[in-house]
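As stored in query_37.tsv (TSV, C-alpha atoms):
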chain	number	residue	atom	x	y	z
A	1	GLU	CA	18.57	63.45	113.37
A	2	ALA	CA	19.96	66.49	115.19
A	3	GLN	CA	19.37	69.57	113.14
A	4	VAL	CA	18.92	73.32	112.99
A	5	THR	CA	16.40	74.45	110.41
A	6	GLN	CA	15.89	77.92	108.98
A	7	ASN	CA	13.09	79.21	106.81
A	8	PRO	CA	13.00	80.60	104.27
A	9	ARG	CA	16.35	79.73	102.72
A	10	TYR	CA	16.07	82.55	100.18
A	11	LEU	CA	14.03	85.73	100.35
A	12	ILE	CA	13.81	88.80	98.17
A	13	THR	CA	11.73	91.61	99.61
A	14	VAL	CA	11.23	95.36	99.43
A	15	THR	CA	12.23	98.09	101.82
A	16	GLY	CA	9.88	98.45	104.76
A	17	LYS	CA	7.98	95.18	104.42
A	18	LYS	CA	8.14	93.34	107.74
A	19	LEU	CA	9.57	89.83	107.62
A	20	THR	CA	10.41	86.98	109.94
A	21	VAL	CA	13.08	84.33	109.50
A	22	THR	CA	12.40	81.27	111.60
A	23	CYS	CA	14.95	79.07	113.34
A	24	SER	CA	14.14	75.77	115.01
A	25	GLN	CA	16.31	73.15	116.73
A	26	ASN	CA	15.59	69.65	117.97
A	27	MET	CA	18.64	69.25	120.22
A	28	ASN	CA	17.16	70.77	123.38
A	29	HIS	CA	19.93	73.38	123.36
A	30	GLU	CA	19.84	76.29	125.78
A	31	TYR	CA	21.82	78.80	123.71
A	32	MET	CA	20.56	80.13	120.38
A	33	SER	CA	21.97	82.92	118.30
A	34	TRP	CA	21.65	84.83	115.04
A	35	TYR	CA	24.55	85.98	112.86
A	36	ARG	CA	24.89	87.86	109.64
A	37	GLN	CA	27.72	87.21	107.22
A	38	ASP	CA	28.89	89.88	104.81
A	39	PRO	CA	31.89	89.82	102.44
A	40	GLY	CA	34.97	91.17	104.15
A	41	LEU	CA	33.23	91.44	107.51
A	42	GLY	CA	32.98	87.81	108.52
A	43	LEU	CA	30.28	86.56	110.88
A	44	ARG	CA	28.81	89.08	113.27
A	45	GLN	CA	26.42	88.24	116.06
A	46	ILE	CA	23.05	89.99	115.99
A	47	TYR	CA	21.25	88.62	119.07
A	48	TYR	CA	21.58	85.63	121.32
A	49	SER	CA	19.46	83.86	123.88
A	50	MET	CA	20.68	81.93	126.88
A	51	ASN	CA	17.27	80.37	127.54
A	52	VAL	CA	13.53	80.88	127.17
A	53	GLU	CA	12.55	84.53	127.65
A	54	VAL	CA	16.23	85.54	128.00
A	55	THR	CA	17.68	87.44	125.04
A	56	ASP	CA	20.52	89.91	124.66
A	57	LYS	CA	22.17	92.02	122.00
A	58	GLY	CA	25.16	90.90	120.03
A	59	ASP	CA	27.43	93.25	118.14
A	60	VAL	CA	25.00	94.36	115.40
A	61	PRO	CA	21.44	94.36	116.83
A	62	GLU	CA	20.15	97.57	115.21
A	63	GLY	CA	17.14	96.96	112.96
A	64	TYR	CA	16.43	93.46	114.32
A	65	LYS	CA	14.21	91.92	116.96
A	66	VAL	CA	14.10	88.42	118.38
A	67	SER	CA	11.94	86.44	120.75
A	68	ARG	CA	12.41	83.16	122.63
A	69	LYS	CA	9.01	81.98	123.78
A	70	GLU	CA	9.88	78.29	123.41
A	71	LYS	CA	13.20	76.56	123.83
A	72	ARG	CA	13.29	75.15	120.31
A	73	ASN	CA	12.43	78.34	118.34
A	74	PHE	CA	14.25	81.63	117.95
A	75	PRO	CA	12.78	83.79	115.16
A	76	LEU	CA	14.55	86.83	113.75
A	77	ILE	CA	12.25	89.74	112.95
A	78	LEU	CA	12.99	92.65	110.67
A	79	GLU	CA	10.22	95.19	111.33
A	80	SER	CA	11.22	97.55	108.51
A	81	PRO	CA	13.96	96.01	106.38
A	82	SER	CA	16.40	98.25	104.56
A	83	PRO	CA	18.88	97.48	101.77
A	84	ASN	CA	21.82	97.45	104.23
A	85	GLN	CA	20.24	94.36	105.80
A	86	THR	CA	20.84	92.41	102.61
A	87	SER	CA	23.03	89.60	103.86
A	88	LEU	CA	23.44	85.91	104.56
A	89	TYR	CA	21.91	85.03	107.93
A	90	PHE	CA	22.73	82.05	110.11
A	91	CYS	CA	21.03	80.69	113.16
A	92	ALA	CA	23.17	78.68	115.57
A	93	THR	CA	22.51	76.69	118.72
A	94	GLY	CA	24.56	75.16	121.50
A	95	GLN	CA	24.17	73.57	124.89
A	96	SER	CA	26.19	76.53	126.15
A	97	SER	CA	27.79	79.60	124.62
A	98	TYR	CA	30.80	77.54	123.58
A	99	GLU	CA	30.27	74.99	120.80
A	100	GLN	CA	27.84	76.24	118.20
A	101	TYR	CA	25.90	74.28	115.59
A	102	PHE	CA	24.77	76.25	112.58
A	103	GLY	CA	21.72	76.14	110.36
A	104	PRO	CA	21.98	76.15	106.56
A	105	GLY	CA	21.59	79.93	106.19
A	106	THR	CA	19.03	82.34	104.79
A	107	ARG	CA	20.02	84.60	101.94
A	108	LEU	CA	18.05	87.86	102.22
A	109	THR	CA	17.92	90.57	99.58
A	110	VAL	CA	16.17	93.85	100.35
A	111	THR	CA	15.53	96.09	97.35
B	1	GLY	CA	35.05	95.21	121.91
B	2	GLN	CA	37.11	92.09	121.61
B	3	GLN	CA	38.32	91.16	118.14
B	4	LEU	CA	39.95	88.13	116.61
B	5	ASN	CA	42.43	88.57	113.76
B	6	GLN	CA	43.35	85.65	111.55
B	7	SER	CA	46.30	85.19	109.26
B	8	PRO	CA	46.85	84.58	106.54
B	9	GLN	CA	43.68	85.98	104.98
B	10	SER	CA	43.93	83.46	102.17
B	11	MET	CA	46.31	80.86	100.90
B	12	PHE	CA	46.83	78.58	97.95
B	13	ILE	CA	48.59	75.34	98.63
B	14	GLN	CA	49.41	72.17	96.76
B	15	GLU	CA	47.62	68.96	97.62
B	16	GLY	CA	49.66	67.01	100.15
B	17	GLU	CA	51.21	70.08	101.80
B	18	ASP	CA	50.79	70.96	105.45
B	19	VAL	CA	48.95	74.18	106.32
B	20	SER	CA	49.24	76.47	109.31
B	21	MET	CA	47.05	79.38	110.28
B	22	ASN	CA	46.66	81.42	113.40
B	23	CYS	CA	44.26	83.59	115.31
B	24	THR	CA	45.21	86.41	117.67
B	25	SER	CA	43.43	88.68	120.06
B	26	SER	CA	44.47	91.77	121.98
B	27	SER	CA	42.69	90.39	125.03
B	28	ILE	CA	42.44	87.04	126.75
B	29	PHE	CA	40.05	84.32	125.64
B	30	ASN	CA	39.11	81.40	127.87
B	31	THR	CA	37.86	79.18	125.06
B	32	TRP	CA	38.95	78.89	121.46
B	33	LEU	CA	36.96	77.14	118.76
B	34	TRP	CA	37.78	76.45	115.14
B	35	TYR	CA	35.13	76.16	112.44
B	36	LYS	CA	35.18	75.42	108.73
B	37	GLN	CA	32.70	76.84	106.26
B	38	ASP	CA	32.16	75.20	102.89
B	39	PRO	CA	30.75	77.35	100.08
B	40	GLY	CA	27.01	77.94	100.51
B	41	GLU	CA	26.82	76.27	103.91
B	42	GLY	CA	26.93	77.15	107.58
B	43	PRO	CA	30.15	76.84	109.61
B	44	VAL	CA	30.88	73.44	111.10
B	45	LEU	CA	32.72	72.99	114.38
B	46	LEU	CA	36.13	71.32	113.96
B	47	ILE	CA	37.90	71.60	117.31
B	48	ALA	CA	37.21	73.15	120.71
B	49	LEU	CA	39.99	74.17	123.13
B	50	TYR	CA	39.30	74.91	126.77
B	51	LYS	CA	42.67	75.17	128.50
B	52	ALA	CA	45.79	77.27	127.91
B	53	GLY	CA	48.49	75.15	126.31
B	54	GLU	CA	46.01	72.47	125.23
B	55	LEU	CA	46.80	70.64	121.98
B	56	THR	CA	43.88	68.79	120.38
B	57	SER	CA	43.62	66.76	117.19
B	58	ASN	CA	40.72	65.80	114.96
B	59	GLY	CA	41.99	63.57	112.18
B	60	ARG	CA	44.48	65.57	110.10
B	61	LEU	CA	43.67	68.74	112.03
B	62	THR	CA	45.55	69.86	115.12
B	63	ALA	CA	44.80	73.00	117.10
B	64	GLN	CA	46.56	74.62	120.03
B	65	PHE	CA	45.40	77.03	122.71
B	66	GLY	CA	48.25	79.53	123.16
B	67	ILE	CA	49.88	79.83	126.56
B	68	THR	CA	49.21	83.57	126.72
B	69	ARG	CA	45.50	82.85	126.02
B	70	LYS	CA	45.67	85.52	123.33
B	71	ASP	CA	46.23	83.22	120.39
B	72	SER	CA	45.43	79.87	118.85
B	73	PHE	CA	46.81	77.89	115.94
B	74	LEU	CA	45.33	75.41	113.50
B	75	ASN	CA	47.40	73.00	111.45
B	76	ILE	CA	46.17	70.76	108.66
B	77	SER	CA	48.47	67.97	107.60
B	78	ALA	CA	48.65	66.45	104.10
B	79	SER	CA	45.96	68.70	102.65
B	80	ILE	CA	43.40	67.30	100.21
B	81	PRO	CA	41.04	69.11	97.80
B	82	SER	CA	38.07	68.88	100.18
B	83	ASP	CA	39.98	71.02	102.70
B	84	VAL	CA	38.99	74.01	100.56
B	85	GLY	CA	36.87	76.49	102.48
B	86	ILE	CA	37.04	79.27	105.02
B	87	TYR	CA	38.43	78.53	108.48
B	88	PHE	CA	37.27	80.65	111.37
B	89	CYS	CA	38.46	80.89	114.92
B	90	ALA	CA	35.82	81.93	117.44
B	91	GLY	CA	34.96	82.09	121.09
B	92	PRO	CA	32.71	83.54	123.75
B	93	ASN	CA	33.95	86.92	124.87
B	94	THR	CA	35.28	87.49	128.34
B	95	SER	CA	33.68	90.83	129.14
B	96	GLY	CA	30.89	89.44	131.29
B	97	THR	CA	28.34	88.78	128.56
B	98	TYR	CA	27.67	85.68	126.49
B	99	LYS	CA	28.46	87.31	123.17
B	100	TYR	CA	30.23	85.12	120.63
B	101	ILE	CA	32.98	86.47	118.43
B	102	PHE	CA	34.28	85.17	115.13
B	103	GLY	CA	37.63	85.84	113.56
B	104	THR	CA	38.07	87.35	110.14
B	105	GLY	CA	38.63	83.96	108.49
B	106	THR	CA	41.35	82.25	106.46
B	107	ARG	CA	40.31	81.16	102.97
B	108	LEU	CA	42.10	78.00	101.89
B	109	LYS	CA	42.40	76.86	98.30
B	110	VAL	CA	44.04	73.55	97.52
B	111	LEU	CA	45.56	72.94	94.10
B	112	ALA	CA	45.35	69.33	93.02
Just dump the structure as structure tokens.
Amino acid sequence: EAQVTQNPRYLITVTGKKLTVTCSQNMNHEYMSWYRQDPGLGLRQIYYSMNVEVTDKGDVPEGYKVSRKEKRNFPLILESPSPNQTSLYFCATGQSSYEQYFGPGTRLTVT
Amino acid sequence: GQQLNQSPQSMFIQEGEDVSMNCTSSSIFNTWLWYKQDPGEGPVLLIALYKAGELTSNGRLTAQFGITRKDSFLNISASIPSDVGIYFCAGPNTSGTYKYIFGTGTRLKVLA
């Protein structure tokens, strides 16, 4: 079954404690991306990757890091989370930068 | 940067009614995509449009790629309760990167 998985689905953490949200896909897609969704602001792209070892900034990259060492995985790293990074995060993949397939989301709360 | 504005922001309709919503940009897009997001879930792709003037259907949904390439429209015919959700337009930007932009969303509520 084609799927995009994210872990964890829910996370409550404290300011400054490094965390990683994992994203994995089994569709052999080239393009992977991270978004955050906030009330009233819609979905905003954080980072994207066109292929292994190729990543680039989206519209809201500050405070985040990513890596793409393997085609199937695209983890999102928050080195020093702050309360303004409390949000709903989605990973998405696609064969190109056109049609995107989304994971189930990770709800992050930073206190 | 490029932005996508959707209208209306939200709408209540009666079951069985047809629904129209639109998405506009101040700059040209080469691809328009429409997604639906159910509460608590990730967006799901509904329709993809690749050519100006293109009209594409997916069941009761019909979407059009505007001739000016600065807008797109989504129509839902004979709405049913499960049409409830947020509808987003989206697309890759045309400024030379592979950034992906989402519209502000239209929240649809269907009254049975």
(message) Residues of chain A within 12 Å of chain B, counting only C-alpha atoms - could you list those as a ChimeraX atom specification?
(response) /A:4-6,9-10,31-51,54-61,88-94,96-107
Residue selection dump (C-alpha atoms) as a PDB file, in the coordinates of the input:
ATOM      1  CA  VAL A   4      18.920  73.320 112.990  1.00  0.00           C
ATOM      2  CA  THR A   5      16.400  74.450 110.410  1.00  0.00           C
ATOM      3  CA  GLN A   6      15.890  77.920 108.980  1.00  0.00           C
ATOM      4  CA  ARG A   9      16.350  79.730 102.720  1.00  0.00           C
ATOM      5  CA  TYR A  10      16.070  82.550 100.180  1.00  0.00           C
ATOM      6  CA  TYR A  31      21.820  78.800 123.710  1.00  0.00           C
ATOM      7  CA  MET A  32      20.560  80.130 120.380  1.00  0.00           C
ATOM      8  CA  SER A  33      21.970  82.920 118.300  1.00  0.00           C
ATOM      9  CA  TRP A  34      21.650  84.830 115.040  1.00  0.00           C
ATOM     10  CA  TYR A  35      24.550  85.980 112.860  1.00  0.00           C
ATOM     11  CA  ARG A  36      24.890  87.860 109.640  1.00  0.00           C
ATOM     12  CA  GLN A  37      27.720  87.210 107.220  1.00  0.00           C
ATOM     13  CA  ASP A  38      28.890  89.880 104.810  1.00  0.00           C
ATOM     14  CA  PRO A  39      31.890  89.820 102.440  1.00  0.00           C
ATOM     15  CA  GLY A  40      34.970  91.170 104.150  1.00  0.00           C
ATOM     16  CA  LEU A  41      33.230  91.440 107.510  1.00  0.00           C
ATOM     17  CA  GLY A  42      32.980  87.810 108.520  1.00  0.00           C
ATOM     18  CA  LEU A  43      30.280  86.560 110.880  1.00  0.00           C
ATOM     19  CA  ARG A  44      28.810  89.080 113.270  1.00  0.00           C
ATOM     20  CA  GLN A  45      26.420  88.240 116.060  1.00  0.00           C
ATOM     21  CA  ILE A  46      23.050  89.990 115.990  1.00  0.00           C
ATOM     22  CA  TYR A  47      21.250  88.620 119.070  1.00  0.00           C
ATOM     23  CA  TYR A  48      21.580  85.630 121.320  1.00  0.00           C
ATOM     24  CA  SER A  49      19.460  83.860 123.880  1.00  0.00           C
ATOM     25  CA  MET A  50      20.680  81.930 126.880  1.00  0.00           C
ATOM     26  CA  ASN A  51      17.270  80.370 127.540  1.00  0.00           C
ATOM     27  CA  VAL A  54      16.230  85.540 128.000  1.00  0.00           C
ATOM     28  CA  THR A  55      17.680  87.440 125.040  1.00  0.00           C
ATOM     29  CA  ASP A  56      20.520  89.910 124.660  1.00  0.00           C
ATOM     30  CA  LYS A  57      22.170  92.020 122.000  1.00  0.00           C
ATOM     31  CA  GLY A  58      25.160  90.900 120.030  1.00  0.00           C
ATOM     32  CA  ASP A  59      27.430  93.250 118.140  1.00  0.00           C
ATOM     33  CA  VAL A  60      25.000  94.360 115.400  1.00  0.00           C
ATOM     34  CA  PRO A  61      21.440  94.360 116.830  1.00  0.00           C
ATOM     35  CA  LEU A  88      23.440  85.910 104.560  1.00  0.00           C
ATOM     36  CA  TYR A  89      21.910  85.030 107.930  1.00  0.00           C
ATOM     37  CA  PHE A  90      22.730  82.050 110.110  1.00  0.00           C
ATOM     38  CA  CYS A  91      21.030  80.690 113.160  1.00  0.00           C
ATOM     39  CA  ALA A  92      23.170  78.680 115.570  1.00  0.00           C
ATOM     40  CA  THR A  93      22.510  76.690 118.720  1.00  0.00           C
ATOM     41  CA  GLY A  94      24.560  75.160 121.500  1.00  0.00           C
ATOM     42  CA  SER A  96      26.190  76.530 126.150  1.00  0.00           C
ATOM     43  CA  SER A  97      27.790  79.600 124.620  1.00  0.00           C
ATOM     44  CA  TYR A  98      30.800  77.540 123.580  1.00  0.00           C
ATOM     45  CA  GLU A  99      30.270  74.990 120.800  1.00  0.00           C
ATOM     46  CA  GLN A 100      27.840  76.240 118.200  1.00  0.00           C
ATOM     47  CA  TYR A 101      25.900  74.280 115.590  1.00  0.00           C
ATOM     48  CA  PHE A 102      24.770  76.250 112.580  1.00  0.00           C
ATOM     49  CA  GLY A 103      21.720  76.140 110.360  1.00  0.00           C
ATOM     50  CA  PRO A 104      21.980  76.150 106.560  1.00  0.00           C
ATOM     51  CA  GLY A 105      21.590  79.930 106.190  1.00  0.00           C
ATOM     52  CA  THR A 106      19.030  82.340 104.790  1.00  0.00           C
ATOM     53  CA  ARG A 107      20.020  84.600 101.940  1.00  0.00           C
TER      54      ARG A 107
END
Quick one: everything within 8 Å of Asp71 (chain B), counting all atoms listed in the file, minus sequence neighbours fewer than 3 positions away in the same chain. Send it as an mmCIF file with C-alpha atoms, in the frame of the given file.
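Once written, selection.cif looks like this:
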data_model
loop_
_atom_site.group_PDB
_atom_site.id
_atom_site.type_symbol
_atom_site.label_atom_id
_atom_site.label_comp_id
_atom_site.auth_asym_id
_atom_site.auth_seq_id
_atom_site.Cartn_x
_atom_site.Cartn_y
_atom_site.Cartn_z
ATOM 1 C CA ASN B 22 46.660 81.420 113.400
ATOM 2 C CA CYS B 23 44.260 83.590 115.310
ATOM 3 C CA THR B 24 45.210 86.410 117.670
ATOM 4 C CA SER B 25 43.430 88.680 120.060
ATOM 5 C CA PHE B 65 45.400 77.030 122.710
ATOM 6 C CA GLY B 66 48.250 79.530 123.160
ATOM 7 C CA ILE B 67 49.880 79.830 126.560
ATOM 8 C CA THR B 68 49.210 83.570 126.720
#
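Our summary of the geometry notes that CA of Met27 (chain A) is positioned 21.2 Å from CA of Gln37 (chain B).
The interatomic distance for the pair CA of Asp38 (chain B) and CA of Arg60 (chain B) works out to 17.2 Å.
Distances here use all atoms listed in the file; by that measure, the residue among B:Cys89, B:Ala78, B:Leu4, B:Leu111 closest to Gln64 (chain B) is B:Cys89.
We find CA of Asp83 (chain B) and CA of Leu108 (chain A) to be spaced 27.7 Å apart.
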I'd like the contact shell of region 14-17 of chain A - 7 Å cut-off, all atoms listed in the file, skipping same-chain residues fewer than 3 positions apart - returned as a PDB file with C-alpha atoms, keeping the file's coordinate frame.
ATOM      1  CA  SER A  80      11.220  97.550 108.510  1.00  0.00           C
ATOM      2  CA  PRO A  81      13.960  96.010 106.380  1.00  0.00           C
ATOM      3  CA  SER A  82      16.400  98.250 104.560  1.00  0.00           C
ATOM      4  CA  PRO A  83      18.880  97.480 101.770  1.00  0.00           C
ATOM      5  CA  VAL A 110      16.170  93.850 100.350  1.00  0.00           C
ATOM      6  CA  THR A 111      15.530  96.090  97.350  1.00  0.00           C
TER       7      THR A 111
END
(message) Counting all atoms listed in the file, which residue out of A:Thr109, A:Ser67, A:Thr20, A:Gln25 sits closest to Glu79 (chain A)?
(response) A:Thr20
Using all atoms listed in the file, can you list as a tab-separated table (two decimals) with C-alpha atoms, in the frame of the given file the residues within 6 Å of (43.4, 81.1, 108.3)?
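To be explicit, this is the file written out as point.tsv:
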chain	number	residue	atom	x	y	z
B	6	GLN	CA	43.35	85.65	111.55
B	7	SER	CA	46.30	85.19	109.26
B	8	PRO	CA	46.85	84.58	106.54
B	9	GLN	CA	43.68	85.98	104.98
B	21	MET	CA	47.05	79.38	110.28
B	87	TYR	CA	38.43	78.53	108.48
B	105	GLY	CA	38.63	83.96	108.49
B	106	THR	CA	41.35	82.25	106.46
(request) Pick out the residues sitting within 9 Å of Pro81 (chain B), and hand them over as a PyMOL selection string; count all atoms listed in the file, and ignore anything fewer than 2 positions along from it in its own chain. (result) chain B and resi 14-15+79+83-84+109-112
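Residue nearest Thr94 (chain B) within the list B:Ala63, B:Val19, B:Lys70, B:Ser57: B:Lys70 [criterion: smallest interatomic distance, only C-alpha atoms].
The protein and nucleic acid residues lying at most 7 Å from region 69-71 of chain A are A:Glu30, A:Asn51, A:Val52, A:Glu53, with all atoms listed in the file considered and sequence neighbours fewer than 6 positions away removed.
Among the candidates B:Pro39, B:Arg69, B:Ser95, B:Ile80, the residue lying nearest to Ile13 (chain B) is B:Ile80 (atoms considered: only C-alpha atoms).
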